[in-house]
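Visitor: Structure in structure tokens, see below.
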Amino acid sequence: MTILTLVRHGETAWNYGGRIQGSTDIPLNDTGRIQAQGIAETLAAEYAGRDVVVVSSDLSRAAETADVIAAALGTTVSRRMPGLQERSYGEAEGMDAPTFYDTYGPWHAADVPGAEAWPVVRERALAAIAEVVASTPADVDVIAVAHGALIREVIMHATDGQFPREGERLPNCSATTFRLDGDAWEMLAYAGVAG
């Protein structure tokens, strides 16, 4: 059994401006660094006295967030994993949300040239998580810092599509926690909020 906490990275200038980042490597802004410190303090208190491995996407916004979390836990990030990167949005990267909707239509149904297919995102994320869990001793917890769309896909897998609910989002530096036992997933804490 493994306890897995998925953390969305802190805010970037593109998050603040409502722009689609995808696989574009946008760094944290000052607000994102403050958010990272806040979730780091929360997780340090929650994981006090427990062994934990911290991993992250190799994109800088997730990597920097993970570094702050790991430091608060008295450890370092053990792996930067391309498998935890955000979905590539192809030609839509850099667009703001209204332009995206006007150009391509509803978010999950949109057919964007060059974008990564949703099932591929989910498969990639689950493979990366399985790799980390398999290489981590059973009595050690895992914190993985990744990205909103990727984490949503994992949540949808773990809950058979019950979460996130329509209209919910995962705020920057939110944390969602699962218990993994073989192929069985149980969501212990959910970070989705309306809006």
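Following the order of the structure tokens, chains are lettered A, B, ..., residues in each are numbered from 1, and ligands are numbered from 1.
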Where does DSSP see alpha helix (DSSP H) in chain A, if you list the residues as a PyMOL selection string?
Guide: chain A and resi 13-16+30-46+60-72+97-104+118-134+148-158
Visitor: With DSSP run on the backbone, what are the strand (DSSP E) residues within region 52-186 of chain A? I'd like them as number ranges by chain.
Guide: A: 52-57, 77-81, 141-146, 168-169, 175-181, 184-186
Visitor: As a count of residues only, please: the residues near region 154-163 of chain A (cut-off 7 Å, only C-alpha atoms, same-chain neighbours under 5 positions excluded).
Guide: 4
Visitor: Quick one: residues within 9 Å of region 130-137 of chain A, only C-alpha atoms, excluding same-chain residues fewer than 6 positions away - as a list in words?
Guide: Thr2, Leu4, Val53, Val55, Arg79 and Leu180 of chain A
Visitor: Emit the selected residues as an mmCIF file, in the first residue's frame, including N, CA, C and O atoms.
Guide:
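Saved file part.cif follows:
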```
data_model
loop_
_atom_site.group_PDB
_atom_site.id
_atom_site.type_symbol
_atom_site.label_atom_id
_atom_site.label_comp_id
_atom_site.auth_asym_id
_atom_site.auth_seq_id
_atom_site.Cartn_x
_atom_site.Cartn_y
_atom_site.Cartn_z
ATOM 1 N N THR A 2 0.489 2.243 -0.770
ATOM 2 C CA THR A 2 1.230 3.503 -0.866
ATOM 3 C C THR A 2 0.252 4.665 -0.740
ATOM 4 O O THR A 2 -0.829 4.637 -1.318
ATOM 5 N N LEU A 4 -0.230 8.336 -1.918
ATOM 6 C CA LEU A 4 0.241 9.202 -2.993
ATOM 7 C C LEU A 4 -0.477 10.540 -2.917
ATOM 8 O O LEU A 4 -1.712 10.585 -2.921
ATOM 9 N N VAL A 53 8.993 10.188 -0.466
ATOM 10 C CA VAL A 53 9.758 10.436 -1.682
ATOM 11 C C VAL A 53 9.039 11.536 -2.451
ATOM 12 O O VAL A 53 7.813 11.500 -2.597
ATOM 13 N N VAL A 55 8.793 13.507 -6.108
ATOM 14 C CA VAL A 55 9.122 13.494 -7.533
ATOM 15 C C VAL A 55 8.354 14.624 -8.193
ATOM 16 O O VAL A 55 7.413 15.178 -7.608
ATOM 17 N N ARG A 79 13.386 12.464 -8.431
ATOM 18 C CA ARG A 79 13.309 12.288 -9.889
ATOM 19 C C ARG A 79 12.502 13.401 -10.524
ATOM 20 O O ARG A 79 11.488 13.831 -9.977
ATOM 21 N N LEU A 180 -3.087 3.764 -2.646
ATOM 22 C CA LEU A 180 -2.945 2.794 -3.722
ATOM 23 C C LEU A 180 -2.615 1.442 -3.112
ATOM 24 O O LEU A 180 -1.685 1.327 -2.318
#
```
Visitor: I'd like the neighbourhood of Arg50 (chain A) as a list in words, where a residue qualifies if any of its atoms comes within 12 Å (using only C-alpha atoms), though same-chain residues fewer than 4 positions away should be ignored.
Guide: Ile3, Leu43, Ala44, Ala45, Glu46, Leu73, Gly74, Thr75, Asp139, Val140, Asp141, Val142 and Ile143 of chain A
Visitor: Can you pull out the residues contacting Gly192 (chain A)? Cut-off 12 Å, using only C-alpha atoms, and skip same-chain residues under 2 positions away; I want them as a PyMOL selection string.
Guide: chain A and resi 7-8+148+151-152+155-156+162-177+189-190+194-195
Visitor: Tell me which of A:Thr65, A:Thr31, A:Gln37, A:Thr24 sits closest to Tyr89 (chain A), counting only C-alpha atoms.
Guide: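 The answer is A:Thr24, which sits nearest to Tyr89 (chain A).
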Visitor: Which of these, A:Gly83, A:Gly18, A:Gly49, A:Gly10, has the shortest distance to Arg33 (chain A) once you count only C-alpha atoms?
Guide: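 Selected residue with least distance to Arg33 (chain A): A:Gly10.
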